[in-house]
>>> print(open('protein-v2.cif').read())   # mmCIF, C-alpha atoms (C1' of nucleotides)
data_query
#
loop_
_atom_site.label_atom_id
_atom_site.label_comp_id
_atom_site.auth_asym_id
_atom_site.auth_seq_id
_atom_site.Cartn_x
_atom_site.Cartn_y
_atom_site.Cartn_z
CA MET A 1 5.19 -32.80 59.93
CA PRO A 2 6.32 -36.28 59.48
CA GLU A 3 9.14 -37.73 61.47
CA LEU A 4 9.67 -41.46 61.85
CA PRO A 5 6.60 -42.12 64.03
CA GLU A 6 4.25 -40.35 61.62
CA VAL A 7 5.70 -42.24 58.66
CA GLU A 8 5.44 -45.54 60.53
CA VAL A 9 1.84 -44.77 61.56
CA THR A 10 1.09 -44.02 57.93
CA ARG A 11 2.73 -47.27 56.85
CA ARG A 12 0.82 -49.38 59.34
CA SER A 13 -2.52 -47.85 58.43
CA LEU A 14 -1.76 -48.29 54.74
CA VAL A 15 -0.54 -51.88 54.68
CA PRO A 16 -3.89 -53.65 55.01
CA ALA A 17 -5.37 -51.31 52.41
CA VAL A 18 -2.77 -51.60 49.67
CA ALA A 19 -1.29 -55.07 50.15
CA GLY A 20 -2.09 -57.09 47.05
CA ALA A 21 -3.91 -54.23 45.37
CA ARG A 22 -3.60 -53.81 41.63
CA ILE A 23 -2.82 -50.38 40.24
CA GLU A 24 -5.31 -49.11 37.70
CA THR A 25 -4.26 -45.52 37.03
CA VAL A 26 -1.83 -42.97 38.42
CA ARG A 27 -2.30 -39.22 38.29
CA VAL A 28 0.47 -36.77 39.12
CA GLY A 29 -0.25 -33.13 40.03
CA LYS A 30 2.22 -30.29 40.40
CA PRO A 31 5.91 -31.19 40.58
CA LEU A 32 7.15 -32.55 43.88
CA ARG A 33 10.71 -32.45 45.15
CA TRP A 34 11.86 -34.97 42.56
CA PRO A 35 10.24 -36.24 39.39
CA LEU A 36 8.51 -39.61 39.44
CA GLY A 37 11.16 -40.99 37.15
CA CYS A 38 8.86 -43.11 35.03
CA ASP A 39 5.78 -42.85 32.87
CA PRO A 40 2.77 -43.05 35.22
CA VAL A 41 1.08 -45.22 32.61
CA SER A 42 3.76 -47.87 33.10
CA LEU A 43 2.56 -48.39 36.68
CA ALA A 44 -0.91 -49.47 35.57
CA GLY A 45 -1.49 -53.17 35.96
CA GLN A 46 1.24 -53.62 38.56
CA GLN A 47 0.52 -55.21 41.88
CA ILE A 48 1.53 -53.76 45.26
CA LEU A 49 3.51 -56.47 47.00
CA GLY A 50 4.32 -54.71 50.25
CA LEU A 51 5.08 -51.47 52.05
CA ARG A 52 8.29 -51.04 54.01
CA ARG A 53 9.91 -48.06 55.70
CA ARG A 54 13.49 -46.82 55.78
CA GLY A 55 13.95 -43.74 57.93
CA LYS A 56 11.28 -41.33 56.80
CA TYR A 57 10.87 -43.02 53.41
CA LEU A 58 8.08 -45.41 52.56
CA LEU A 59 9.17 -48.13 50.15
CA MET A 60 6.35 -49.58 48.10
CA ASP A 61 7.32 -52.85 46.44
CA LEU A 62 5.64 -53.40 43.11
CA SER A 63 5.57 -56.45 40.87
CA ASP A 64 8.14 -54.59 38.76
CA GLY A 65 10.32 -52.17 40.71
CA MET A 66 9.39 -49.97 43.61
CA LEU A 67 8.25 -46.51 44.65
CA LEU A 68 10.01 -44.38 47.26
CA ILE A 69 7.56 -42.07 48.96
CA HIS A 70 8.61 -39.16 51.17
CA LEU A 71 6.20 -36.88 53.01
CA GLY A 72 8.60 -33.95 53.29
CA MET A 73 7.44 -31.27 55.74
CA SER A 74 3.74 -31.13 54.99
CA GLY A 75 2.81 -34.40 53.32
CA SER A 76 0.17 -36.88 54.36
CA ILE A 77 -1.37 -39.90 52.70
CA ARG A 78 -4.99 -40.94 52.61
CA PHE A 79 -6.41 -44.18 51.33
CA SER A 80 -10.08 -44.59 50.62
CA ASP A 81 -12.47 -45.99 48.04
CA GLN A 82 -14.43 -42.75 48.10
CA LEU A 83 -12.14 -39.74 47.97
CA PRO A 84 -13.41 -36.36 46.77
CA ASP A 85 -12.04 -34.82 43.59
CA ALA A 86 -8.35 -33.97 43.87
CA GLY A 87 -7.70 -30.57 45.48
CA VAL A 88 -4.93 -28.11 44.62
CA HIS A 89 -2.54 -29.78 47.07
CA ASP A 90 -3.22 -33.37 46.06
CA HIS A 91 -0.20 -34.14 43.90
CA PHE A 92 -0.26 -37.90 43.52
CA ASP A 93 -3.24 -40.20 43.15
CA MET A 94 -2.86 -43.94 42.71
CA VAL A 95 -6.15 -45.61 41.87
CA THR A 96 -6.19 -49.33 42.68
CA ASP A 97 -8.83 -52.01 42.63
CA LYS A 98 -9.07 -51.63 46.44
CA GLY A 99 -9.24 -47.84 46.64
CA THR A 100 -7.23 -44.71 45.97
CA LEU A 101 -3.98 -43.72 47.63
CA ARG A 102 -3.60 -39.94 47.67
CA LEU A 103 -0.59 -37.83 48.63
CA HIS A 104 -1.59 -34.41 49.96
CA ASP A 105 1.36 -32.04 50.28
CA PRO A 106 0.89 -28.25 50.32
CA ARG A 107 4.59 -27.39 50.46
CA ARG A 108 5.66 -30.05 47.97
CA PHE A 109 8.88 -30.99 49.77
CA GLY A 110 7.68 -34.56 49.51
CA ALA A 111 8.24 -36.92 46.62
CA VAL A 112 7.23 -40.13 44.92
CA VAL A 113 10.13 -41.66 43.03
CA HIS A 114 10.22 -44.81 40.95
CA ALA A 115 13.20 -47.16 41.16
CA ALA A 116 13.77 -50.20 38.97
CA SER A 117 15.12 -52.14 41.95
CA GLU A 118 16.83 -51.78 45.29
CA ALA A 119 20.10 -51.37 43.40
CA ASP A 120 18.83 -48.43 41.35
CA ALA A 121 21.07 -45.37 41.54
CA VAL A 122 18.23 -43.28 42.91
CA VAL A 123 17.85 -45.66 45.86
CA VAL A 124 21.54 -45.39 46.61
CA LYS A 125 21.38 -41.61 46.35
CA LEU A 126 18.39 -41.25 48.67
CA LEU A 127 18.94 -44.08 51.14
CA GLY A 128 22.67 -44.68 50.88
CA GLY A 129 23.81 -42.30 53.58
CA LEU A 130 21.15 -43.12 56.14
CA GLY A 131 22.06 -44.17 59.66
CA MET A 132 20.66 -46.97 61.81
CA GLU A 133 16.97 -47.75 62.17
CA PRO A 134 16.11 -46.86 65.79
CA LEU A 135 13.19 -49.29 66.06
CA ALA A 136 14.97 -52.24 64.48
CA ASP A 137 17.04 -54.82 66.34
CA THR A 138 20.04 -53.54 64.39
CA PHE A 139 20.16 -50.38 66.50
CA PHE A 140 23.21 -51.16 68.61
CA LEU A 141 24.42 -49.00 71.47
CA PRO A 142 28.13 -49.52 70.63
CA LEU A 143 27.56 -48.34 67.06
CA PHE A 144 25.52 -45.39 68.29
CA GLN A 145 28.29 -44.53 70.71
CA ALA A 146 30.91 -44.75 67.97
CA GLY A 147 28.79 -42.55 65.72
CA LEU A 148 28.63 -39.80 68.32
CA LYS A 149 32.33 -40.11 69.15
CA SER A 150 33.33 -39.29 65.61
CA SER A 151 31.49 -35.97 65.38
CA ARG A 152 32.09 -32.56 66.90
CA VAL A 153 28.71 -31.29 65.65
CA PRO A 154 26.15 -30.26 68.31
CA ILE A 155 24.20 -33.37 69.29
CA LYS A 156 20.86 -31.89 68.21
CA THR A 157 22.25 -31.17 64.76
CA LEU A 158 23.75 -34.64 64.49
CA LEU A 159 20.48 -36.31 65.44
CA LEU A 160 18.62 -34.28 62.82
CA SER A 161 21.15 -35.15 60.12
CA GLY A 162 20.17 -38.82 60.22
CA ARG A 163 23.77 -39.87 59.70
CA VAL A 164 23.98 -41.95 62.85
CA VAL A 165 20.35 -42.79 63.52
CA VAL A 166 17.40 -42.01 61.25
CA GLY A 167 13.92 -40.75 61.91
CA VAL A 168 14.53 -38.30 64.74
CA GLY A 169 13.19 -34.98 63.47
CA ASN A 170 12.91 -31.57 65.03
CA ILE A 171 10.23 -32.39 67.61
CA TYR A 172 11.59 -35.72 68.80
CA ALA A 173 15.18 -34.46 68.88
CA SER A 174 14.27 -31.91 71.55
CA GLU A 175 12.24 -34.51 73.43
CA VAL A 176 14.88 -37.24 73.56
CA LEU A 177 17.61 -34.81 74.60
CA PHE A 178 15.41 -33.63 77.45
CA LEU A 179 14.83 -37.19 78.63
CA ALA A 180 18.55 -37.90 78.46
CA GLY A 181 19.46 -34.70 80.30
CA ILE A 182 21.71 -33.52 77.49
CA ARG A 183 22.07 -29.93 76.32
CA PRO A 184 21.31 -29.71 72.58
CA THR A 185 24.44 -27.66 71.89
CA THR A 186 26.86 -30.19 73.38
CA PRO A 187 29.28 -31.53 70.77
CA ALA A 188 28.32 -35.15 70.15
CA ALA A 189 31.80 -36.48 70.87
CA ARG A 190 31.85 -34.85 74.30
CA ILE A 191 28.86 -36.68 75.73
CA GLY A 192 29.77 -39.21 78.40
CA ALA A 193 29.02 -42.92 78.02
CA GLU A 194 26.25 -42.92 80.60
CA ARG A 195 24.39 -40.06 78.94
CA VAL A 196 24.88 -41.64 75.52
CA ARG A 197 23.21 -44.75 76.87
CA ARG A 198 20.32 -42.69 78.23
CA LEU A 199 19.96 -40.95 74.88
CA TYR A 200 19.95 -44.29 73.07
CA GLU A 201 17.18 -45.54 75.32
CA ALA A 202 15.24 -42.28 75.09
CA ILE A 203 15.23 -42.47 71.29
CA ILE A 204 13.79 -45.98 71.35
CA SER A 205 11.18 -45.28 74.01
CA VAL A 206 10.01 -41.90 72.69
CA LEU A 207 9.68 -43.08 69.10
CA ASN A 208 7.88 -46.24 70.17
CA ARG A 209 5.48 -44.32 72.34
CA ALA A 210 4.82 -41.79 69.58
CA VAL A 211 3.98 -44.60 67.17
CA GLU A 212 1.61 -46.12 69.71
CA MET A 213 -0.11 -42.75 70.10
CA GLY A 214 -0.63 -42.36 66.38
CA GLY A 215 2.16 -39.82 65.90
CA THR A 216 2.16 -36.07 66.45
CA THR A 217 -0.56 -33.93 64.86
CA LEU A 218 0.52 -30.29 65.14
CA ARG A 219 -1.47 -29.07 62.21
CA ASP A 220 -2.99 -31.58 59.87
CA PHE A 221 -1.14 -34.89 60.02
CA SER A 222 -3.34 -37.95 59.89
CA SER A 223 -2.85 -41.62 59.13
CA ALA A 224 -4.10 -43.16 55.89
CA ASP A 225 -7.54 -43.71 57.38
CA GLY A 226 -7.77 -40.10 58.55
CA ALA A 227 -7.01 -40.55 62.26
CA ALA A 228 -5.08 -37.75 63.99
CA GLY A 229 -2.17 -38.49 66.34
CA HIS A 230 -1.98 -37.61 70.03
CA PHE A 231 1.72 -37.42 70.91
CA GLN A 232 1.59 -33.60 70.83
CA THR A 233 -0.06 -33.77 74.24
CA GLN A 234 3.02 -35.55 75.59
CA THR A 235 5.82 -33.21 74.57
CA ARG A 236 7.90 -32.11 77.55
CA VAL A 237 9.80 -29.28 75.89
CA TYR A 238 8.90 -28.88 72.22
CA GLY A 239 6.83 -25.74 71.65
CA ARG A 240 6.88 -24.85 75.36
CA GLU A 241 9.23 -21.84 75.43
CA GLY A 242 8.74 -19.87 78.66
CA GLU A 243 6.49 -22.51 80.21
CA PRO A 244 7.66 -24.31 83.36
CA CYS A 245 9.64 -27.54 83.03
CA HIS A 246 7.50 -30.48 84.14
CA ALA A 247 10.43 -31.78 86.17
CA CYS A 248 11.89 -28.66 87.84
CA ASN A 249 9.62 -25.69 87.02
CA ALA A 250 12.41 -23.71 85.34
CA PRO A 251 11.19 -21.91 82.21
CA ILE A 252 11.82 -23.88 79.02
CA ARG A 253 14.21 -22.10 76.68
CA MET A 254 14.31 -21.89 72.91
CA LEU A 255 17.31 -21.44 70.67
CA ARG A 256 18.11 -21.73 66.99
CA GLN A 257 20.44 -24.34 65.55
CA GLY A 258 20.86 -24.31 61.80
CA GLN A 259 17.61 -22.43 61.20
CA ARG A 260 15.64 -24.92 63.31
CA SER A 261 14.26 -24.16 66.73
CA THR A 262 15.38 -26.26 69.66
CA PHE A 263 13.67 -26.43 73.04
CA PHE A 264 15.36 -27.47 76.28
CA CYS A 265 15.33 -27.09 80.03
CA PRO A 266 18.41 -25.14 81.19
CA VAL A 267 18.34 -26.91 84.56
CA CYS A 268 17.58 -30.52 83.63
CA GLN A 269 19.86 -30.44 80.59
CA ARG A 270 23.20 -29.23 81.88
CA ALA A 271 25.74 -31.60 80.34
"C1'" DC B 272 37.25 -34.61 54.79
"C1'" DA B 273 33.76 -32.36 58.12
"C1'" DG B 274 30.74 -28.82 58.87
"C1'" DT B 275 27.63 -24.76 57.63
"C1'" DG B 276 23.97 -22.40 55.22
"C1'" DG B 277 20.94 -21.75 51.17
"C1'" DG B 278 17.12 -23.13 48.95
"C1'" DC B 279 13.14 -25.66 47.62
"C1'" DC B 280 7.38 -24.41 48.45
"C1'" DT B 281 2.85 -22.77 50.58
"C1'" DG B 282 0.11 -21.18 54.42
"C1'" DA B 283 -0.57 -19.39 58.98
"C1'" DG B 284 0.45 -16.12 62.23
"C1'" DT B 285 2.23 -11.52 63.89
"C1'" DG B 286 3.08 -6.65 63.98
"C1'" DC B 287 2.55 -2.28 61.86
"C1'" DT C 288 -8.16 -4.86 55.55
"C1'" DG C 289 -3.50 -5.08 53.59
"C1'" DC C 290 1.28 -5.73 53.47
"C1'" DA C 291 5.84 -7.37 54.93
"C1'" DC C 292 7.85 -10.43 57.43
"C1'" DT C 293 8.84 -14.78 60.10
"C1'" DC C 294 8.16 -19.38 60.91
"C1'" DA C 295 6.74 -24.45 60.15
"C1'" DG C 296 7.28 -31.61 61.21
"C1'" DG C 297 12.98 -32.32 55.89
"C1'" DC C 298 16.89 -32.85 53.30
"C1'" DC C 299 20.01 -32.27 49.08
"C1'" DC C 300 23.85 -29.78 47.61
"C1'" DA C 301 27.14 -26.05 46.89
"C1'" DC C 302 30.32 -23.96 49.42
"C1'" DT C 303 34.14 -23.01 53.10
#
>>> encode(input="protein-v2.cif", output="structure tokens")
Amino acid sequence: MPELPEVEVTRRSLVPAVAGARIETVRVGKPLRWPLGCDPVSLAGQQILGLRRRGKYLLMDLSDGMLLIHLGMSGSIRFSDQLPDAGVHDHFDMVTDKGTLRLHDPRRFGAVVHAASEADAVVVKLLGGLGMEPLADTFFLPLFQAGLKSSRVPIKTLLLSGRVVVGVGNIYASEVLFLAGIRPTTPAARIGAERVRRLYEAIISVLNRAVEMGGTTLRDFSSADGAAGHFQTQTRVYGREGEPCHACNAPIRMLRQGQRSTFFCPVCQRA
DNA sequence: CAGTGGGCCTGAGTGC
DNA sequence: TGCACTCAGGCCCACT
């Protein structure tokens, strides 16, 4: 589910709830992708100082150390002072004096990982290879251009890898390539400067708009206060195989790249 | 070194 | 109704 917009929507809905809260107890359920890396009891008494985001990771700053939270494919976070008893897919509960933060994740590709500090080896391992933040003012076109130039991988695959720019997942990758008029299979290095610029701008505008619309809710994503997103009504190509392109009426096509489906318009995306 | 594919999990949907 | 199979929003890691 969660690509950058969904994680950012989660972060924004969570900040007012958790900022300054004091942790009382932590309960972990079934194993997630990685172990927590600390005794849950050691988190009790700590204060939540802030909640940042890096790519699709949420970074929760504590009075001593931090937590890296990833939603994987099926994760979502709720925060409330009156949650029901934990269900079979609720694998992390953090009770604070302001309410309970709960990670719900049926597929358990998500994770909550403790790090002693930003310099902790686990932070380097998980965040070290990440590309530029597309919604930050550090997302520079020349660097983006250089990143594409140095790779012969299909552009869709490169976007998904997060090595050049982070946060563009399977839905938004198809969408931004459509807006830029680029075929998903085109080797990144072979895209002309003008189309690279259009792609750069499409990434910024699509992700921003998705955040404004509360993210994409295909199945069960919701923000921390339970609100569903609406961007799924805006997708031009994703999930529309066989349906007419909104721009030219040609049927949208689907193909597989690295076990992930890609949607594109064969007419609008020629280069 | 760059690039590819397997695997981690569960649930929903499809076709027989 | 049941079973086998495919697919789903991500990403690390072993391999070529």
>>> resolve_selection(input="protein-v2.cif", expression="the PyMOL selection byres ((chain C and resi 302) around 10)", output="PyMOL selection string")
(chain B and resi 275-277) or (chain C and resi 300-301+303)
>>> atom_distance(input="protein-v2.cif", atom1="CA of Ala86 in chain A", atom2="CA of Cys38 in chain A")
21.4 Å
>>> interface_residues(input="protein-v2.cif", of="chain A", to="chain B", cutoff="7 Å", atoms="all atoms listed in the file", output="ChimeraX atom specification")
/A:106-109
>>> interface_residues(input="protein-v2.cif", of="chain A", to="chain C", cutoff="10 Å", atoms="only C-alpha atoms (C1' of nucleotides)", output="PyMOL selection string")
chain A and resi 1-3+6+56+70-75+109-110+125-126+160-162+169-172+216-219+221+259-261
>>> resolve_selection(input="protein-v2.cif", expression="the PyMOL selection byres ((chain A and resi 150) around 12)", output="number ranges by chain")
A: 143-149, 151-155, 158, 163-164, 187-191; B: 273
>>> atom_distance(input="protein-v2.cif", atom1="CA of Val9 in chain A", atom2="CA of Leu51 in chain A")
12.1 Å
>>> residues_around(input="protein-v2.cif", residues="Gly181 in chain A", least_positions_apart="5", cutoff="12 Å", atoms="all atoms listed in the file", output="list in words")
Ser174, Glu175, Val176, Thr186, Ile191, Gly192, Glu194, Arg195, Val196, Arg197, Arg198, Leu199, Ala202, Val237, Ala247, Phe264, Cys265, Pro266, Val267, Cys268, Gln269, Arg270 and Ala271 of chain A
>>> resolve_selection(input="protein-v2.cif", expression="the PyMOL selection byres ((chain A and resi 206) around 10)", output="list of chain:residue names")
A:Pro5, A:Val168, A:Tyr172, A:Ala173, A:Glu175, A:Val176, A:Leu179, A:Glu201, A:Ala202, A:Ile203, A:Ile204, A:Ser205, A:Leu207, A:Asn208, A:Arg209, A:Ala210, A:Val211, A:Glu212, A:Phe231, A:Gln234, A:Thr235
>>> atom_distance(input="protein-v2.cif", atom1="CA of Trp34 in chain A", atom2="CA of Phe92 in chain A")
12.5 Å
>>> closest_residue(input="protein-v2.cif", among="A:Thr233, A:Val88, A:Gly239, A:Val15", to="Leu101 in chain A", atoms="all atoms listed in the file")
A:Val15
